[in-house]
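A.B. asks: Just so it is clear, I am handing over coords.txt, which has compact mmCIF, N, CA, C and O atoms.
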```txt
# COMPACT_ATOMS: atom_id res chain seq x y z
N MET A 1 -70.40 -0.61 33.86
CA MET A 1 -70.59 -0.49 35.29
C MET A 1 -69.23 -0.31 35.95
O MET A 1 -68.33 -1.13 35.76
N ARG A 2 -69.08 0.73 36.72
CA ARG A 2 -67.84 0.96 37.48
C ARG A 2 -67.95 0.29 38.83
O ARG A 2 -69.00 0.29 39.45
N LEU A 3 -66.85 -0.26 39.27
CA LEU A 3 -66.82 -0.88 40.59
C LEU A 3 -66.19 0.07 41.59
O LEU A 3 -65.19 0.72 41.31
N ASP A 4 -66.77 0.16 42.75
CA ASP A 4 -66.25 0.97 43.84
C ASP A 4 -65.22 0.13 44.59
O ASP A 4 -65.52 -0.48 45.61
N TRP A 5 -63.99 0.07 44.05
CA TRP A 5 -62.98 -0.82 44.62
C TRP A 5 -62.66 -0.48 46.06
O TRP A 5 -62.48 -1.37 46.89
N SER A 6 -62.58 0.83 46.39
CA SER A 6 -62.26 1.18 47.78
C SER A 6 -63.37 0.74 48.72
O SER A 6 -63.11 0.23 49.81
N GLY A 7 -64.63 0.88 48.30
CA GLY A 7 -65.75 0.42 49.11
C GLY A 7 -65.78 -1.09 49.23
O GLY A 7 -66.02 -1.64 50.30
N LEU A 8 -65.51 -1.78 48.12
CA LEU A 8 -65.49 -3.24 48.14
C LEU A 8 -64.34 -3.76 48.99
O LEU A 8 -64.50 -4.73 49.74
N LEU A 9 -63.19 -3.09 48.91
CA LEU A 9 -62.05 -3.49 49.73
C LEU A 9 -62.36 -3.32 51.21
O LEU A 9 -62.06 -4.18 52.03
N LYS A 10 -63.02 -2.22 51.54
CA LYS A 10 -63.41 -1.97 52.94
C LYS A 10 -64.36 -3.07 53.43
O LYS A 10 -64.18 -3.62 54.52
N VAL A 11 -65.35 -3.41 52.63
CA VAL A 11 -66.28 -4.48 53.01
C VAL A 11 -65.55 -5.81 53.13
O VAL A 11 -65.74 -6.56 54.09
N GLY A 12 -64.70 -6.10 52.16
CA GLY A 12 -63.99 -7.38 52.16
C GLY A 12 -63.05 -7.55 53.35
O GLY A 12 -63.05 -8.60 53.99
N LEU A 13 -62.29 -6.50 53.65
CA LEU A 13 -61.30 -6.62 54.72
C LEU A 13 -61.90 -6.42 56.11
O LEU A 13 -61.56 -7.14 57.04
N LEU A 14 -62.79 -5.45 56.24
CA LEU A 14 -63.32 -5.12 57.56
C LEU A 14 -64.54 -5.95 57.96
O LEU A 14 -64.65 -6.39 59.10
N HIS A 15 -65.44 -6.16 57.03
CA HIS A 15 -66.69 -6.85 57.38
C HIS A 15 -66.63 -8.36 57.14
O HIS A 15 -67.12 -9.14 57.95
N LEU A 16 -66.04 -8.73 56.01
CA LEU A 16 -65.91 -10.17 55.72
C LEU A 16 -64.65 -10.76 56.33
O LEU A 16 -64.48 -11.97 56.34
N ARG A 17 -63.75 -9.90 56.79
CA ARG A 17 -62.48 -10.29 57.41
C ARG A 17 -61.62 -11.16 56.50
O ARG A 17 -60.99 -12.13 56.93
N LEU A 18 -61.62 -10.80 55.22
CA LEU A 18 -60.76 -11.48 54.27
C LEU A 18 -59.34 -10.93 54.39
O LEU A 18 -59.15 -9.76 54.71
N LYS A 19 -58.36 -11.76 54.12
CA LYS A 19 -56.98 -11.29 54.01
C LYS A 19 -56.84 -10.63 52.64
O LYS A 19 -57.58 -10.99 51.71
N PRO A 20 -55.92 -9.68 52.49
CA PRO A 20 -55.78 -9.01 51.19
C PRO A 20 -55.63 -9.97 50.01
O PRO A 20 -56.28 -9.79 48.97
N ASP A 21 -54.82 -11.03 50.16
CA ASP A 21 -54.65 -11.96 49.04
C ASP A 21 -55.94 -12.73 48.75
O ASP A 21 -56.23 -13.06 47.60
N GLU A 22 -56.75 -13.00 49.78
CA GLU A 22 -58.04 -13.66 49.56
C GLU A 22 -58.99 -12.73 48.82
O GLU A 22 -59.72 -13.16 47.92
N PHE A 23 -58.98 -11.45 49.22
CA PHE A 23 -59.84 -10.47 48.55
C PHE A 23 -59.50 -10.37 47.07
O PHE A 23 -60.38 -10.46 46.22
N TRP A 24 -58.22 -10.19 46.75
CA TRP A 24 -57.81 -9.97 45.37
C TRP A 24 -57.91 -11.24 44.53
O TRP A 24 -57.92 -11.17 43.29
N ALA A 25 -58.03 -12.40 45.16
CA ALA A 25 -58.20 -13.64 44.42
C ALA A 25 -59.65 -13.85 43.96
O ALA A 25 -59.92 -14.66 43.09
N LEU A 26 -60.58 -13.10 44.57
CA LEU A 26 -62.00 -13.22 44.21
C LEU A 26 -62.29 -12.53 42.89
O LEU A 26 -61.69 -11.52 42.55
N THR A 27 -63.26 -13.06 42.16
CA THR A 27 -63.78 -12.34 41.01
C THR A 27 -64.83 -11.36 41.53
O THR A 27 -65.37 -11.54 42.63
N PRO A 28 -65.14 -10.31 40.77
CA PRO A 28 -66.16 -9.37 41.23
C PRO A 28 -67.50 -10.04 41.55
O PRO A 28 -68.15 -9.70 42.53
N ILE A 29 -67.90 -11.03 40.76
CA ILE A 29 -69.19 -11.69 41.02
C ILE A 29 -69.12 -12.49 42.30
O ILE A 29 -70.09 -12.55 43.07
N GLU A 30 -67.98 -13.13 42.60
CA GLU A 30 -67.84 -13.87 43.85
C GLU A 30 -67.97 -12.92 45.04
O GLU A 30 -68.65 -13.24 46.02
N LEU A 31 -67.35 -11.77 44.93
CA LEU A 31 -67.44 -10.79 46.01
C LEU A 31 -68.88 -10.29 46.17
O LEU A 31 -69.38 -10.17 47.29
N ARG A 32 -69.55 -10.01 45.07
CA ARG A 32 -70.95 -9.58 45.14
C ARG A 32 -71.81 -10.63 45.81
O ARG A 32 -72.70 -10.30 46.60
N LEU A 33 -71.58 -11.89 45.50
CA LEU A 33 -72.34 -12.96 46.14
C LEU A 33 -72.08 -13.01 47.63
O LEU A 33 -72.98 -13.22 48.44
N MET A 34 -70.81 -12.82 48.03
CA MET A 34 -70.46 -12.88 49.44
C MET A 34 -71.10 -11.77 50.25
O MET A 34 -71.46 -11.96 51.41
N ILE A 35 -71.27 -10.60 49.63
CA ILE A 35 -71.87 -9.49 50.36
C ILE A 35 -73.38 -9.44 50.17
O ILE A 35 -74.04 -8.56 50.71
N GLY A 36 -73.93 -10.39 49.42
CA GLY A 36 -75.37 -10.46 49.24
C GLY A 36 -75.90 -9.38 48.32
O GLY A 36 -77.00 -8.89 48.51
N ASP A 37 -75.13 -9.03 47.31
CA ASP A 37 -75.49 -7.93 46.42
C ASP A 37 -76.18 -8.39 45.14
O ASP A 37 -76.18 -7.69 44.16
N ASP A 38 -76.73 -9.58 45.12
CA ASP A 38 -77.40 -10.07 43.92
C ASP A 38 -78.77 -10.60 44.29
O ASP A 38 -78.91 -11.75 44.69
N PRO A 39 -79.80 -9.76 44.19
CA PRO A 39 -81.14 -10.18 44.61
C PRO A 39 -81.75 -11.30 43.78
O PRO A 39 -82.71 -11.93 44.19
N ASP A 40 -81.18 -11.59 42.60
CA ASP A 40 -81.72 -12.65 41.74
C ASP A 40 -81.26 -14.04 42.15
O ASP A 40 -81.81 -15.02 41.69
N LEU A 41 -80.25 -14.12 43.00
CA LEU A 41 -79.73 -15.42 43.40
C LEU A 41 -80.28 -15.82 44.76
O LEU A 41 -80.18 -15.10 45.73
N ALA A 42 -80.86 -16.98 44.80
CA ALA A 42 -81.39 -17.52 46.05
C ALA A 42 -80.29 -18.32 46.75
O ALA A 42 -79.38 -18.81 46.09
N PRO A 43 -80.38 -18.47 48.04
CA PRO A 43 -79.41 -19.31 48.75
C PRO A 43 -79.48 -20.75 48.24
O PRO A 43 -80.50 -21.20 47.71
N LEU A 44 -78.40 -21.46 48.41
CA LEU A 44 -78.33 -22.86 48.01
C LEU A 44 -79.34 -23.67 48.80
O LEU A 44 -79.37 -23.60 50.02
N GLY A 45 -80.19 -24.40 48.10
CA GLY A 45 -81.19 -25.24 48.75
C GLY A 45 -80.63 -26.60 49.11
O GLY A 45 -79.55 -27.00 48.67
N ARG A 46 -81.37 -27.34 49.92
CA ARG A 46 -80.91 -28.65 50.38
C ARG A 46 -80.70 -29.62 49.22
O ARG A 46 -79.71 -30.36 49.19
N SER A 47 -81.59 -29.62 48.25
CA SER A 47 -81.44 -30.56 47.13
C SER A 47 -80.20 -30.21 46.30
O SER A 47 -79.51 -31.11 45.82
N GLN A 48 -79.90 -28.93 46.16
CA GLN A 48 -78.70 -28.52 45.44
C GLN A 48 -77.45 -28.93 46.22
O GLN A 48 -76.47 -29.39 45.63
N LEU A 49 -77.48 -28.75 47.53
CA LEU A 49 -76.36 -29.16 48.37
C LEU A 49 -76.15 -30.67 48.28
O LEU A 49 -75.02 -31.14 48.13
N ASP A 50 -77.23 -31.44 48.35
CA ASP A 50 -77.13 -32.90 48.24
C ASP A 50 -76.52 -33.31 46.90
O ASP A 50 -75.70 -34.22 46.84
N ALA A 51 -76.92 -32.63 45.82
CA ALA A 51 -76.38 -32.94 44.50
C ALA A 51 -74.88 -32.64 44.44
O ALA A 51 -74.09 -33.42 43.88
N LEU A 52 -74.46 -31.52 45.03
CA LEU A 52 -73.03 -31.18 45.07
C LEU A 52 -72.25 -32.18 45.90
O LEU A 52 -71.15 -32.61 45.53
N MET A 53 -72.83 -32.60 47.03
CA MET A 53 -72.16 -33.57 47.89
C MET A 53 -72.02 -34.93 47.20
O MET A 53 -71.01 -35.61 47.36
N ALA A 54 -73.01 -35.31 46.42
CA ALA A 54 -72.94 -36.56 45.68
C ALA A 54 -71.91 -36.48 44.56
O ALA A 54 -71.17 -37.43 44.31
N ALA A 55 -71.82 -35.33 43.92
CA ALA A 55 -70.88 -35.15 42.81
C ALA A 55 -69.45 -35.04 43.29
O ALA A 55 -68.51 -35.45 42.61
N TYR A 56 -69.26 -34.45 44.48
CA TYR A 56 -67.92 -34.20 45.02
C TYR A 56 -67.83 -34.69 46.47
O TYR A 56 -67.75 -33.88 47.39
N PRO A 57 -67.84 -36.00 46.66
CA PRO A 57 -67.80 -36.53 48.04
C PRO A 57 -66.46 -36.24 48.70
O PRO A 57 -65.42 -36.14 48.04
N ASP A 58 -66.50 -36.10 50.03
CA ASP A 58 -65.26 -35.95 50.81
C ASP A 58 -64.46 -37.23 50.67
O ASP A 58 -65.01 -38.34 50.67
N MET A 59 -63.18 -37.07 50.56
CA MET A 59 -62.30 -38.24 50.45
C MET A 59 -61.69 -38.53 51.82
O MET A 59 -61.29 -37.60 52.52
N SER A 60 -61.64 -39.80 52.20
CA SER A 60 -60.99 -40.15 53.46
C SER A 60 -59.49 -40.11 53.26
O SER A 60 -58.98 -40.29 52.15
N LYS A 61 -58.77 -39.86 54.33
CA LYS A 61 -57.31 -39.75 54.26
C LYS A 61 -56.61 -41.06 54.58
O LYS A 61 -55.46 -41.09 54.91
N SER A 62 -57.31 -42.18 54.49
CA SER A 62 -56.70 -43.47 54.81
C SER A 62 -56.08 -44.11 53.60
O SER A 62 -56.20 -43.76 52.51
```
What do you get writing this file as structure tokens?

C.D. replies:
Amino acid sequence: MRLDWSGLLKVGLLHLRLKPDEFWALTPIELRLMIGDDPDLAPLGRSQLDALMAAYPDMSKS
């Protein structure tokens, strides 16, 4: 599969408003997820979010 880098760069910089270094730091799959290009992936559900929050709680700065 060939990637349309110029098209992806245009979407990343113009539509997602990523900075160039942010764009190039992404993996192709991360970029596809950000632009909604994967119909097999559903949005994160509440139970999944709760599990992530329990696994990685915010730390207080005190």

A.B. asks: Can you work out which one of A:Gly45, A:Ile29, A:Ile35, A:Asp50 has the shortest atom-to-atom distance to Leu16 in chain A, counting only C-alpha atoms?

C.D. replies: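 Using only C-alpha atoms, Leu16 in chain A sits closest to A:Ile35.
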
A.B. asks: Taking the backbone alone, and naming residues the way the document does, which bits of chain A are helix (DSSP H, G or I) by DSSP, as a PyMOL selection string?

C.D. replies: chain A and resi 5-15+20-25+28-34+46-55

A.B. asks: Interatomic distance between atom C of His15 in chain A and atom N of Leu44 in chain A?

C.D. replies: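 Separation between atom C of His15 in chain A and atom N of Leu44 in chain A: 19.7 Å.
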
A.B. asks: Quick one, how far is atom O of Arg32 in chain A from atom N of Leu3 in chain A?

C.D. replies: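 Between these atoms lies a distance of 13.7 Å.
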
A.B. asks: Separation of atom C of Leu49 in chain A and atom O of Ala25 in chain A, in Å?

C.D. replies: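 One can read the atom C of Leu49 in chain A to atom O of Ala25 in chain A distance as 23.4 Å.
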
A.B. asks: Between A:Ala54, A:Gly36, A:Leu9, A:Asp4, which one has atoms that come closest to Phe23 in chain A, using only C-alpha atoms?

C.D. replies: A:Leu9
